[in-house]
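Listing of structure-v9.cif; format and content: mmCIF, C-alpha atoms.
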```cif
data_data
loop_
_atom_site.label_atom_id
_atom_site.label_comp_id
_atom_site.auth_asym_id
_atom_site.auth_seq_id
_atom_site.Cartn_x
_atom_site.Cartn_y
_atom_site.Cartn_z
CA MET M 304 53.99 -31.17 67.03
CA SER M 305 54.31 -31.42 70.79
CA LEU M 306 54.60 -28.73 73.42
CA ALA M 307 57.56 -27.97 75.66
CA ILE M 308 57.02 -25.75 78.68
CA VAL M 309 60.08 -23.82 79.87
CA THR M 310 60.08 -21.69 83.03
CA GLY M 311 62.41 -18.75 83.60
CA ALA M 312 62.53 -18.40 79.83
CA ALA M 313 62.56 -14.64 79.30
CA ARG M 314 66.35 -14.53 79.07
CA GLY M 315 69.60 -16.35 79.78
CA ILE M 316 69.66 -20.11 80.15
CA GLY M 317 65.89 -20.46 79.94
CA GLN M 318 65.75 -18.50 76.71
CA ALA M 319 68.51 -20.67 75.23
CA ILE M 320 66.66 -23.83 76.29
CA ALA M 321 63.45 -22.64 74.69
CA ALA M 322 65.28 -21.73 71.47
CA ARG M 323 66.99 -25.14 71.36
CA LEU M 324 63.70 -26.97 71.88
CA VAL M 325 62.16 -24.97 69.03
CA GLU M 326 65.02 -26.17 66.81
CA SER M 327 64.17 -29.72 67.86
CA GLY M 328 60.64 -29.26 66.59
CA HIS M 329 58.71 -28.43 69.72
CA ALA M 330 56.12 -25.75 70.12
CA VAL M 331 57.19 -23.87 73.22
CA LEU M 332 55.39 -22.15 76.06
CA LEU M 333 57.75 -19.70 77.72
CA VAL M 334 56.99 -18.88 81.36
CA ASP M 335 58.51 -16.08 83.36
CA LEU M 336 57.64 -13.43 85.91
CA ASP M 337 59.64 -10.99 83.78
CA GLU M 338 57.46 -9.19 81.24
CA ARG M 339 60.20 -9.67 78.64
CA VAL M 340 58.84 -13.20 78.27
CA HIS M 341 56.36 -11.90 75.70
CA HIS M 342 59.10 -10.33 73.59
CA THR M 343 61.25 -13.47 73.79
CA SER M 344 58.37 -15.77 72.93
CA THR M 345 57.50 -13.64 69.90
CA GLU M 346 61.14 -13.78 68.76
CA LEU M 347 61.16 -17.57 69.04
CA GLY M 348 57.75 -18.07 67.49
CA GLY M 349 56.43 -19.52 70.72
CA HIS M 350 53.84 -18.60 73.30
CA GLY M 351 54.47 -16.62 76.47
CA VAL M 352 52.80 -16.42 79.85
CA ARG M 353 53.73 -14.25 82.83
CA ALA M 354 53.38 -16.28 85.99
CA ASP M 355 54.93 -16.70 89.43
CA ILE M 356 55.65 -20.40 89.91
CA SER M 357 55.98 -19.93 93.66
CA GLN M 358 52.30 -19.02 93.98
CA PRO M 359 49.34 -21.39 93.43
CA ALA M 360 47.65 -18.82 91.20
CA GLY M 361 50.76 -18.69 89.02
CA VAL M 362 50.82 -22.47 88.62
CA GLU M 363 47.11 -22.44 87.74
CA ARG M 364 47.80 -19.77 85.14
CA ILE M 365 50.42 -21.98 83.50
CA VAL M 366 48.12 -25.01 83.50
CA ASP M 367 45.37 -22.89 81.92
CA ALA M 368 47.80 -21.66 79.26
CA VAL M 369 48.86 -25.22 78.45
CA ARG M 370 45.26 -26.36 78.10
CA ALA M 371 44.33 -23.33 75.99
CA LEU M 372 47.06 -24.07 73.45
CA GLY M 373 45.53 -27.42 72.53
CA VAL M 374 48.93 -28.95 71.76
CA GLU M 375 50.01 -32.19 73.46
CA PRO M 376 52.50 -31.27 76.20
CA ARG M 377 55.54 -33.54 76.08
CA VAL M 378 58.31 -31.71 77.92
CA LEU M 379 58.49 -29.65 81.10
CA VAL M 380 61.71 -27.79 81.89
CA ASN M 381 61.83 -26.36 85.41
CA ASN M 382 64.46 -23.66 84.99
CA ALA M 383 63.10 -20.65 86.89
CA GLY M 384 65.23 -19.64 89.83
CA ILE M 385 66.60 -16.80 91.90
CA THR M 386 69.63 -16.21 94.10
CA ARG M 387 70.07 -14.21 97.31
CA ASP M 388 73.68 -14.99 98.21
CA SER M 389 75.39 -14.28 101.51
CA LEU M 390 77.26 -16.19 104.18
CA LEU M 391 74.82 -18.12 106.35
CA ARG M 392 75.84 -16.10 109.42
CA ASN M 393 74.62 -12.96 107.61
CA MET M 394 71.70 -14.47 105.70
CA ASP M 395 68.26 -13.26 106.75
CA GLU M 396 65.23 -15.50 106.83
CA ASP M 397 63.52 -13.75 103.93
CA ALA M 398 66.50 -14.51 101.67
CA PHE M 399 66.42 -18.16 102.72
CA ARG M 400 62.66 -18.52 102.30
CA ALA M 401 62.48 -16.74 98.93
CA VAL M 402 65.19 -18.84 97.32
CA VAL M 403 63.81 -22.13 98.64
CA ARG M 404 60.23 -21.22 97.73
CA VAL M 405 60.97 -20.26 94.13
CA ASN M 406 63.70 -22.74 93.21
CA LEU M 407 62.38 -25.78 95.05
CA GLY M 408 58.73 -25.09 95.87
CA GLY M 409 58.03 -23.81 92.39
CA THR M 410 59.67 -26.83 90.78
CA TYR M 411 57.65 -29.18 92.99
CA ALA M 412 54.33 -27.43 92.44
CA LEU M 413 54.67 -27.14 88.69
CA THR M 414 55.80 -30.73 88.26
CA GLU M 415 52.84 -31.97 90.29
CA ALA M 416 50.48 -29.83 88.20
CA ILE M 417 51.91 -30.51 84.74
CA ALA M 418 53.02 -34.17 84.98
CA PRO M 419 49.45 -35.50 84.72
CA LEU M 420 49.02 -33.52 81.50
CA LEU M 421 52.20 -34.75 79.79
CA VAL M 422 51.82 -37.41 77.12
CA ASP M 423 53.14 -40.91 77.79
CA ASP M 424 56.92 -41.05 77.21
CA GLY M 425 57.12 -37.36 78.08
CA ALA M 426 60.00 -35.87 80.00
CA VAL M 427 60.65 -33.50 82.86
CA VAL M 428 64.04 -31.81 83.05
CA ASN M 429 64.88 -29.88 86.21
CA ILE M 430 67.66 -27.35 86.40
CA SER M 431 69.71 -27.95 89.54
CA SER M 432 73.19 -26.49 90.04
CA ARG M 433 76.75 -27.56 90.67
CA ALA M 434 76.44 -25.30 93.71
CA GLN M 435 74.51 -28.06 95.46
CA LEU M 436 77.87 -29.81 95.86
CA GLY M 437 78.83 -26.94 98.14
CA ASN M 438 79.45 -23.24 97.62
CA VAL M 439 80.35 -20.45 100.00
CA GLY M 440 77.51 -17.95 100.39
CA GLN M 441 74.86 -20.23 98.93
CA PHE M 442 73.37 -22.17 101.84
CA ASN M 443 69.88 -21.24 100.63
CA TYR M 444 70.57 -21.87 96.94
CA GLY M 445 72.45 -25.09 97.69
CA ILE M 446 69.57 -26.45 99.76
CA ALA M 447 67.09 -25.51 97.05
CA LYS M 448 69.13 -27.02 94.22
CA GLY M 449 69.99 -30.13 96.24
CA GLY M 450 66.30 -30.40 96.97
CA VAL M 451 65.63 -30.28 93.25
CA ILE M 452 67.80 -33.40 92.89
CA GLY M 453 65.76 -35.08 95.62
CA LEU M 454 62.62 -34.19 93.69
CA THR M 455 64.19 -35.43 90.46
CA ARG M 456 64.95 -38.86 91.87
CA ALA M 457 61.68 -39.30 93.75
CA HIS M 458 59.57 -38.06 90.86
CA ALA M 459 61.53 -40.32 88.50
CA LEU M 460 60.50 -43.31 90.61
CA ALA M 461 56.94 -42.11 91.14
CA LEU M 462 56.26 -41.28 87.50
CA ALA M 463 58.04 -44.24 85.86
CA PRO M 464 57.46 -45.86 83.45
CA ARG M 465 55.15 -43.22 81.98
CA LEU M 466 57.51 -40.26 82.26
CA ARG M 467 61.24 -39.67 82.63
CA VAL M 468 62.57 -37.11 85.09
CA ASN M 469 66.18 -35.90 85.01
CA ALA M 470 68.21 -32.88 86.01
CA VAL M 471 70.97 -30.75 84.57
CA ALA M 472 73.39 -29.13 87.01
CA PRO M 473 75.08 -26.13 85.40
CA GLY M 474 78.31 -24.69 86.71
CA PHE M 475 79.49 -21.14 86.11
CA VAL M 476 77.53 -19.92 83.08
CA GLU M 477 78.02 -16.61 81.33
CA SER M 478 75.08 -14.34 82.09
CA GLU M 479 74.26 -10.69 82.82
CA MET M 480 74.98 -11.47 86.48
CA THR M 481 78.32 -13.24 86.01
CA LEU M 482 79.53 -10.67 83.47
CA ALA M 483 78.91 -7.98 86.09
CA MET M 484 81.25 -9.65 88.60
CA PRO M 485 84.54 -7.90 89.44
CA THR M 486 87.16 -9.07 86.93
CA GLU M 487 89.45 -10.59 89.56
CA ALA M 488 86.69 -12.56 91.27
CA ARG M 489 85.37 -13.78 87.95
CA GLN M 490 88.84 -14.90 86.86
CA ARG M 491 89.31 -16.87 90.09
CA VAL M 492 86.13 -18.80 89.34
CA VAL M 493 87.12 -19.44 85.74
CA ASP M 494 90.60 -20.59 86.79
CA ALA M 495 88.99 -23.38 88.82
CA ILE M 496 87.16 -24.80 85.80
CA PRO M 497 89.15 -27.61 84.12
CA LEU M 498 87.87 -26.71 80.67
CA GLY M 499 89.11 -23.17 81.25
CA SER M 500 86.09 -21.05 80.42
CA PRO M 501 82.59 -20.28 81.65
CA GLY M 502 79.73 -22.25 80.19
CA GLN M 503 77.41 -20.65 77.69
CA PRO M 504 73.62 -20.85 77.95
CA LEU M 505 73.63 -23.03 74.84
CA ASP M 506 75.80 -25.61 76.64
CA ILE M 507 73.02 -26.09 79.17
CA ALA M 508 70.35 -26.02 76.48
CA GLU M 509 72.05 -28.85 74.59
CA ALA M 510 72.07 -31.03 77.71
CA VAL M 511 68.40 -30.29 78.36
CA ASP M 512 67.47 -30.98 74.75
CA TRP M 513 69.19 -34.36 74.88
CA LEU M 514 67.54 -35.40 78.15
CA ALA M 515 64.16 -34.32 76.76
CA SER M 516 64.65 -36.28 73.56
CA ASP M 517 64.08 -39.92 72.65
CA ALA M 518 67.86 -40.30 72.49
CA ALA M 519 67.75 -40.36 76.30
CA SER M 520 64.78 -42.73 76.46
CA TYR M 521 66.57 -45.09 78.91
CA VAL M 522 67.75 -42.33 81.23
CA THR M 523 65.75 -41.30 84.28
CA GLY M 524 66.46 -40.00 87.75
CA GLN M 525 69.93 -38.80 86.72
CA VAL M 526 71.85 -35.57 87.13
CA LEU M 527 73.98 -34.37 84.23
CA TYR M 528 76.65 -31.93 85.38
CA SER M 529 77.39 -29.38 82.67
CA CYS M 530 80.13 -27.47 84.46
CA GLY M 531 83.38 -27.87 82.55
CA GLY M 532 84.56 -30.53 84.99
CA ARG M 533 84.24 -28.27 88.03
CA SER M 534 82.09 -30.81 89.92
CA PHE M 535 85.15 -32.89 90.81
CA ALA M 536 88.06 -30.51 90.28
CA MET H 1432 73.88 -28.17 122.19
CA ARG H 1433 70.39 -27.98 120.63
CA ILE H 1434 68.93 -31.33 119.59
CA HIS H 1435 65.95 -30.79 117.30
CA VAL H 1436 65.24 -34.23 115.88
CA ALA H 1437 61.71 -35.35 114.97
CA ASP H 1438 62.53 -39.02 115.51
CA ALA H 1439 61.81 -39.27 119.26
CA ALA H 1440 63.94 -42.38 119.81
CA LEU H 1441 66.93 -40.76 118.12
CA ALA H 1442 66.39 -37.49 119.97
CA ALA H 1443 66.47 -39.40 123.25
CA ALA H 1444 69.57 -41.32 122.23
CA LEU H 1445 71.32 -38.03 121.48
CA GLY H 1446 70.86 -36.95 125.10
CA GLY H 1447 74.58 -37.17 125.71
CA LEU H 1448 75.18 -34.32 123.31
CA GLY H 1449 72.39 -31.97 124.32
CA SER H 1450 68.65 -31.52 124.47
CA ALA H 1451 65.67 -29.81 122.88
CA GLU H 1452 66.32 -26.90 125.24
CA GLY H 1453 70.06 -26.78 124.57
CA ARG H 1454 71.76 -23.70 123.16
CA PRO H 1455 72.13 -23.64 119.35
CA GLU H 1456 75.09 -21.34 119.97
CA ASP H 1457 76.86 -24.47 121.25
CA GLY H 1458 75.94 -26.59 118.24
CA VAL H 1459 72.96 -28.12 116.48
CA VAL H 1460 71.73 -31.56 115.53
CA PHE H 1461 68.69 -31.22 113.31
CA GLY H 1462 66.50 -34.01 111.94
CA PRO H 1463 63.41 -33.08 109.96
CA ALA H 1464 59.93 -34.55 110.39
CA GLU H 1465 58.23 -36.39 107.53
CA VAL H 1466 56.17 -33.98 105.48
CA THR H 1467 53.08 -34.24 103.32
CA THR H 1468 52.66 -30.72 101.95
CA TRP H 1469 54.98 -28.09 100.51
CA ALA H 1470 54.16 -25.79 103.45
CA GLU H 1471 55.42 -28.47 105.85
CA ALA H 1472 58.53 -29.05 103.75
CA GLU H 1473 59.32 -25.34 103.70
CA GLU H 1474 58.80 -25.11 107.44
CA GLU H 1475 61.25 -27.96 108.11
CA LEU H 1476 63.88 -26.29 105.92
CA ILE H 1477 63.31 -22.96 107.68
CA ARG H 1478 63.76 -24.67 111.06
CA ALA H 1479 67.07 -26.02 109.77
CA TYR H 1480 68.04 -22.54 108.56
CA ARG H 1481 67.18 -20.85 111.88
CA LEU H 1482 69.22 -23.27 113.95
CA ALA H 1483 72.17 -23.47 111.54
CA HIS H 1484 72.18 -19.66 111.25
CA VAL H 1485 72.64 -19.27 115.01
CA ALA H 1486 75.29 -22.00 115.08
CA ALA H 1487 77.16 -20.43 112.15
CA ARG H 1488 77.43 -17.10 113.95
CA GLU H 1489 79.22 -18.88 116.79
CA ASN H 1490 81.25 -21.30 114.62
CA ALA H 1491 79.43 -24.12 116.40
CA PRO H 1492 79.06 -27.59 114.86
CA VAL H 1493 76.01 -28.58 112.83
CA VAL H 1494 74.92 -32.11 111.94
CA PHE H 1495 71.81 -32.81 109.89
CA VAL H 1496 70.32 -36.28 110.41
CA VAL H 1497 68.07 -37.48 107.60
CA ASP H 1498 66.20 -40.58 106.57
CA ALA H 1499 68.56 -42.60 104.37
CA ALA H 1500 65.84 -43.59 101.92
CA ALA H 1501 64.89 -39.96 101.41
CA ALA H 1502 68.55 -39.01 101.00
CA VAL H 1503 68.87 -41.30 97.99
CA GLY H 1504 65.48 -40.38 96.53
CA ARG H 1505 63.58 -43.48 97.63
CA ALA H 1506 60.80 -41.53 99.31
CA THR H 1507 58.00 -39.12 98.51
CA PRO H 1508 59.19 -36.17 96.41
CA LEU H 1509 58.81 -33.76 99.32
CA ASP H 1510 60.64 -35.93 101.84
CA ALA H 1511 63.41 -36.49 99.29
CA ALA H 1512 63.57 -32.76 98.59
CA VAL H 1513 64.01 -31.96 102.27
CA ALA H 1514 66.60 -34.68 102.86
CA VAL H 1515 68.71 -34.03 99.76
CA GLY H 1516 68.36 -30.30 100.37
CA LEU H 1517 69.91 -30.78 103.80
CA VAL H 1518 72.66 -32.94 102.31
CA ALA H 1519 73.52 -30.01 100.04
CA GLY H 1520 73.12 -27.53 102.88
CA GLY H 1521 75.60 -29.51 104.97
CA ARG H 1522 78.13 -29.27 102.14
CA CYS H 1523 77.62 -25.52 101.70
CA LEU H 1524 77.97 -24.91 105.43
CA ALA H 1525 81.10 -27.06 105.58
CA PHE H 1526 82.66 -24.91 102.85
CA GLU H 1527 81.75 -21.73 104.68
CA GLY H 1528 83.07 -23.17 107.92
CA LEU H 1529 86.53 -23.98 106.61
CA ARG H 1530 87.93 -20.52 107.33
CA LYS H 1531 86.58 -20.40 110.87
CA ASP H 1532 86.84 -24.10 111.68
CA GLN H 1533 83.09 -24.57 111.93
CA TYR H 1534 82.07 -28.20 111.49
CA ALA H 1535 79.15 -29.47 109.40
CA SER H 1536 78.15 -32.88 108.10
CA VAL H 1537 75.13 -35.08 107.44
CA VAL H 1538 74.11 -38.50 108.75
CA GLY H 1539 71.68 -40.67 106.79
CA TYR H 1540 70.12 -43.54 108.67
CA ASP H 1541 67.47 -46.16 108.07
CA GLY H 1542 64.80 -47.00 110.58
CA SER H 1543 66.08 -50.51 111.23
CA GLU H 1544 69.23 -49.17 112.85
CA PRO H 1545 69.25 -48.87 116.64
CA ALA H 1546 68.97 -45.22 117.62
CA ALA H 1547 71.98 -45.62 119.90
CA ARG H 1548 74.18 -46.54 116.93
CA VAL H 1549 73.03 -43.51 114.95
CA ALA H 1550 73.56 -41.28 117.97
CA ALA H 1551 77.04 -42.70 118.50
CA THR H 1552 77.89 -41.85 114.89
CA VAL H 1553 76.73 -38.25 115.38
CA GLU H 1554 78.70 -37.98 118.62
CA PHE H 1555 81.82 -39.33 116.92
CA LEU H 1556 81.51 -36.89 114.03
CA VAL H 1557 81.08 -33.89 116.32
CA ALA H 1558 83.91 -34.96 118.61
CA SER H 1559 86.38 -35.81 115.85
CA ALA H 1560 85.28 -33.25 113.25
CA VAL H 1561 85.92 -35.76 110.48
CA GLY H 1562 83.83 -36.00 107.34
CA ARG H 1563 83.27 -32.29 106.86
CA GLY H 1564 80.52 -31.73 104.32
CA GLN H 1565 80.14 -35.48 103.83
CA THR H 1566 77.08 -37.68 104.20
CA VAL H 1567 77.74 -40.67 106.45
CA MET H 1568 75.23 -43.49 105.92
CA VAL H 1569 74.35 -45.65 108.91
CA GLY H 1570 72.63 -48.91 108.04
CA THR H 1571 72.66 -51.41 105.22
CA ALA H 1572 69.37 -50.76 103.44
CA HIS H 1573 70.89 -48.49 100.81
CA VAL H 1574 74.30 -49.99 100.18
CA GLY H 1575 75.16 -49.36 96.55
CA ALA H 1576 72.69 -46.54 96.09
CA MET H 1577 74.35 -43.49 94.59
CA LEU H 1578 74.32 -40.49 96.90
CA PRO H 1579 73.17 -37.24 95.33
#
```
Can you present the structure in this file as structure tokens?
Amino acid sequence: MSLAIVTGAARGIGQAIAARLVESGHAVLLVDLDERVHHTSTELGGHGVRADISQPAGVERIVDAVRALGVEPRVLVNNAGITRDSLLRNMDEDAFRAVVRVNLGGTYALTEAIAPLLVDDGAVVNISSRAQLGNVGQFNYGIAKGGVIGLTRAHALALAPRLRVNAVAPGFVESEMTLAMPTEARQRVVDAIPLGSPGQPLDIAEAVDWLASDAASYVTGQVLYSCGGRSFA
Amino acid sequence: MRIHVADAALAAALGGLGSAEGRPEDGVVFGPAEVTTWAEAEEELIRAYRLAHVAARENAPVVFVVDAAAAVGRATPLDAAVAVGLVAGGRCLAFEGLRKDQYASVVGYDGSEPAARVAATVEFLVASAVGRGQTVMVGTAHVGAMLP
């Protein structure tokens, strides 16, 4: 059995990714700042660690947890992220810095720390976003998620042929946050999706599972948009 | 117009548009420095935010100029993260600017291109307001490379 490490795994997309990787036969280490990570990891039969990926101590904590498990790490999924949306003209510097530091800095730091530990033919899957193609109110998030694609490509070149590095870019995915949107606003977003409905966390998990698997053994440095066709509509 | 471009030759060539002391309220051309640590990368992105934030409040044009190799991922991970991040930031700002006619785009250039040619491209984009949210590549080193 090999180990998959999934960040932001206490709930939502990260939880679905961890569950899907368990189905594929991986032992999983769930990482999150949210204390619910322990409950989720117990439910999935995995291991949980509370850690802040945007801080060096948090990254060290994850590395220590990986080493302590004694299972060969094969997959790293950088899913953890936050949003602080507002128009750029109204966005304060703290909102910009926080989003960039967690979504981009955390992904960079954890990849640099974990990649040397991954077995040969291992895989890194980063979660970017369709929003990096441009979204109103998401200058910070767009920069961070575009940056994740820059990391994906450059790490893919730097770590080849030993490891593969790819990204999944979700579109509008059903979550606690999107379900709380005003009905009219939510419907406007859904109406713009060619496939006519929001994505489900499992849709993203399936894409991640494929990129992490041997079925994608000739794929690296790529971005898979899982957004119901919204990336070009 | 504020010209904050780490590439000294390009900054000088952009003198017709503005200077390092120019007002960001009148527009911004930002080009990041190469970085070697996350702290440096974050600082470059925050510089971009600060300048673009001021420009956005005044509906003033913003152009990010980035290394073409970094913009297609042929660079260190941190330099690629900064460049592709700015490519995405240019798109987001262009979307936000549509209602108020604020202009934003990105220019990718490789070092073999004369700075004057890159500067002329930036000047054309600002003057004509074409290519909103697009990345215009100047140079031939990355023809055929897929843009992020």
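Considering the residues M:Gly449, M:Gly532, M:Gly499, M:Gly348 and counting all atoms listed in the file, chain H has its shortest atom-to-atom contact with M:Gly449.
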Ground truth for the PyMOL selection byres ((chain H and resi 1547) around 10), written as a compact mmCIF listing (two decimals) with C-alpha atoms, in the frame of the given file:
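Output file out.txt follows:
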```
# COMPACT_ATOMS: atom_id res chain seq x y z
CA ALA H 1440 63.94 -42.38 119.81
CA LEU H 1441 66.93 -40.76 118.12
CA ALA H 1442 66.39 -37.49 119.97
CA ALA H 1443 66.47 -39.40 123.25
CA ALA H 1444 69.57 -41.32 122.23
CA LEU H 1445 71.32 -38.03 121.48
CA GLU H 1544 69.23 -49.17 112.85
CA PRO H 1545 69.25 -48.87 116.64
CA ALA H 1546 68.97 -45.22 117.62
CA ARG H 1548 74.18 -46.54 116.93
CA VAL H 1549 73.03 -43.51 114.95
CA ALA H 1550 73.56 -41.28 117.97
CA ALA H 1551 77.04 -42.70 118.50
CA THR H 1552 77.89 -41.85 114.89
CA VAL H 1553 76.73 -38.25 115.38
```
Q.
On this structure, the PyMOL selection byres ((chain H) within 9 of (chain M)) would catch which residues? List them as JSON, numbers by chain, sorted by chain and number.
A. {"H": [1469, 1470, 1472, 1473, 1476, 1477, 1480, 1481, 1483, 1484, 1485, 1486, 1487, 1488, 1489, 1501, 1502, 1503, 1504, 1505, 1506, 1507, 1508, 1509, 1510, 1511, 1512, 1513, 1514, 1515, 1516, 1517, 1518, 1519, 1520, 1521, 1522, 1523, 1524, 1525, 1526, 1527, 1528, 1564, 1579]}
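Each of M:Gly384, M:Ala519, M:Glu326, M:Val309 was checked against Val352 of chain M using all atoms listed in the file; the smallest atom-to-atom distance is that of M:Val309.
With distances taken over all atoms listed in the file, H:Asp1457 is the one residue among H:Asp1457, H:Glu1452, H:Glu1471, H:Asp1438 lying closest to Val1557 of chain H.
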(Q) Which residues are near Tyr1534 of chain H? Cut-off 8 Å, only C-alpha atoms, ignore same chain within fewer than 5 positions. Put them as a PyMOL selection string. (A) chain H and resi 1490-1493+1525+1528-1529+1557+1560+1563
Grab the residues selected above and save them as a PDB file, in the coordinates of the input with C-alpha atoms.
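The file below, selection-v6.pdb, is the result:
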```pdb
ATOM      1  CA  ASN H1490      81.250 -21.300 114.620  1.00  0.00           C
ATOM      2  CA  ALA H1491      79.430 -24.120 116.400  1.00  0.00           C
ATOM      3  CA  PRO H1492      79.060 -27.590 114.860  1.00  0.00           C
ATOM      4  CA  VAL H1493      76.010 -28.580 112.830  1.00  0.00           C
ATOM      5  CA  ALA H1525      81.100 -27.060 105.580  1.00  0.00           C
ATOM      6  CA  GLY H1528      83.070 -23.170 107.920  1.00  0.00           C
ATOM      7  CA  LEU H1529      86.530 -23.980 106.610  1.00  0.00           C
ATOM      8  CA  VAL H1557      81.080 -33.890 116.320  1.00  0.00           C
ATOM      9  CA  ALA H1560      85.280 -33.250 113.250  1.00  0.00           C
ATOM     10  CA  ARG H1563      83.270 -32.290 106.860  1.00  0.00           C
TER      11      ARG H1563
END
```
Edge lengths and centre in Å to one decimal, as AutoDock Vina command-line options, of the axis-aligned box that encloses all listed atoms of segment 1474-1486 of chain H with 4 Å added on every side?
```
--center_x 67.0 --center_y -23.6 --center_z 110.5 --size_x 24.5 --size_y 16.7 --size_z 17.2
```
Q: Record the distance separating atom CA of Ala472 of chain M and atom CA of Val493 of chain M, expressed in Å with one decimal.
A: 16.9 Å
Once the PyMOL selection byres ((chain H and resi 1463) around 9) is applied to the coordinates I shared, what remains selected? I want it as a tab-separated table (two decimals) with C-alpha atoms, keeping the file's coordinate frame.
```
chain	number	residue	atom	x	y	z
H	1435	HIS	CA	65.95	-30.79	117.30
H	1436	VAL	CA	65.24	-34.23	115.88
H	1437	ALA	CA	61.71	-35.35	114.97
H	1438	ASP	CA	62.53	-39.02	115.51
H	1461	PHE	CA	68.69	-31.22	113.31
H	1462	GLY	CA	66.50	-34.01	111.94
H	1464	ALA	CA	59.93	-34.55	110.39
H	1465	GLU	CA	58.23	-36.39	107.53
H	1466	VAL	CA	56.17	-33.98	105.48
H	1472	ALA	CA	58.53	-29.05	103.75
H	1475	GLU	CA	61.25	-27.96	108.11
H	1476	LEU	CA	63.88	-26.29	105.92
H	1478	ARG	CA	63.76	-24.67	111.06
H	1479	ALA	CA	67.07	-26.02	109.77
H	1495	PHE	CA	71.81	-32.81	109.89
H	1496	VAL	CA	70.32	-36.28	110.41
H	1497	VAL	CA	68.07	-37.48	107.60
H	1498	ASP	CA	66.20	-40.58	106.57
H	1513	VAL	CA	64.01	-31.96	102.27
H	1514	ALA	CA	66.60	-34.68	102.86
```
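When all atoms listed in the file are used to measure the gap to Cys530 of chain M, the shortest distance among M:Val422, M:Ile430, M:Val380, M:Ile496 belongs to M:Ile496.
Atom pair atom CA of His329 of chain M / atom CA of Ala307 of chain M: separated by 6.1 Å.
Counting all atoms listed in the file, the residue from M:Asn429, M:Asn469, M:Thr310, M:Thr523 that sits nearest to Asp355 of chain M is M:Thr310.
What separates atom CA of Val1537 of chain H from atom CA of Val1569 of chain H is a distance of 10.7 Å.
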Q: Please provide as a VMD selection string all residues within 8 Å of His341 of chain M, with the sequence filter that same-chain residues fewer than 5 positions apart are discarded (counting all atoms listed in the file).
A: chain M and resid 313 350 to 353
File of the preceding selection, C-alpha atoms, as a PDB file, in the frame of the given file:
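Output saved as part31.pdb:
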```
ATOM      1  CA  ALA M 313      62.560 -14.640  79.300  1.00  0.00           C
ATOM      2  CA  HIS M 350      53.840 -18.600  73.300  1.00  0.00           C
ATOM      3  CA  GLY M 351      54.470 -16.620  76.470  1.00  0.00           C
ATOM      4  CA  VAL M 352      52.800 -16.420  79.850  1.00  0.00           C
ATOM      5  CA  ARG M 353      53.730 -14.250  82.830  1.00  0.00           C
TER       6      ARG M 353
END
```
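Using all atoms listed in the file, the smallest distance between any of H:Leu1448, H:Pro1455, H:Gly1570, H:Gly1542 and Leu1556 of chain H comes from H:Leu1448.
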Q: Excluding His1573 of chain H and residues on its chain fewer than 5 positions from it, collect all residues at most 10 Å away from it, counting all atoms listed in the file, and give them as JSON, numbers by chain.
A: {"H": [1499, 1500, 1502, 1503, 1505, 1539, 1540, 1541, 1568, 1578]}
Save out the residues we just selected, C-alpha atoms, as a short mmCIF file (atom, residue, chain, number, x, y, z; two decimals), in the frame of the given file.
```cif
data_model
loop_
_atom_site.label_atom_id
_atom_site.label_comp_id
_atom_site.auth_asym_id
_atom_site.auth_seq_id
_atom_site.Cartn_x
_atom_site.Cartn_y
_atom_site.Cartn_z
CA ALA H 1499 68.56 -42.60 104.37
CA ALA H 1500 65.84 -43.59 101.92
CA ALA H 1502 68.55 -39.01 101.00
CA VAL H 1503 68.87 -41.30 97.99
CA ARG H 1505 63.58 -43.48 97.63
CA GLY H 1539 71.68 -40.67 106.79
CA TYR H 1540 70.12 -43.54 108.67
CA ASP H 1541 67.47 -46.16 108.07
CA MET H 1568 75.23 -43.49 105.92
CA LEU H 1578 74.32 -40.49 96.90
#
```
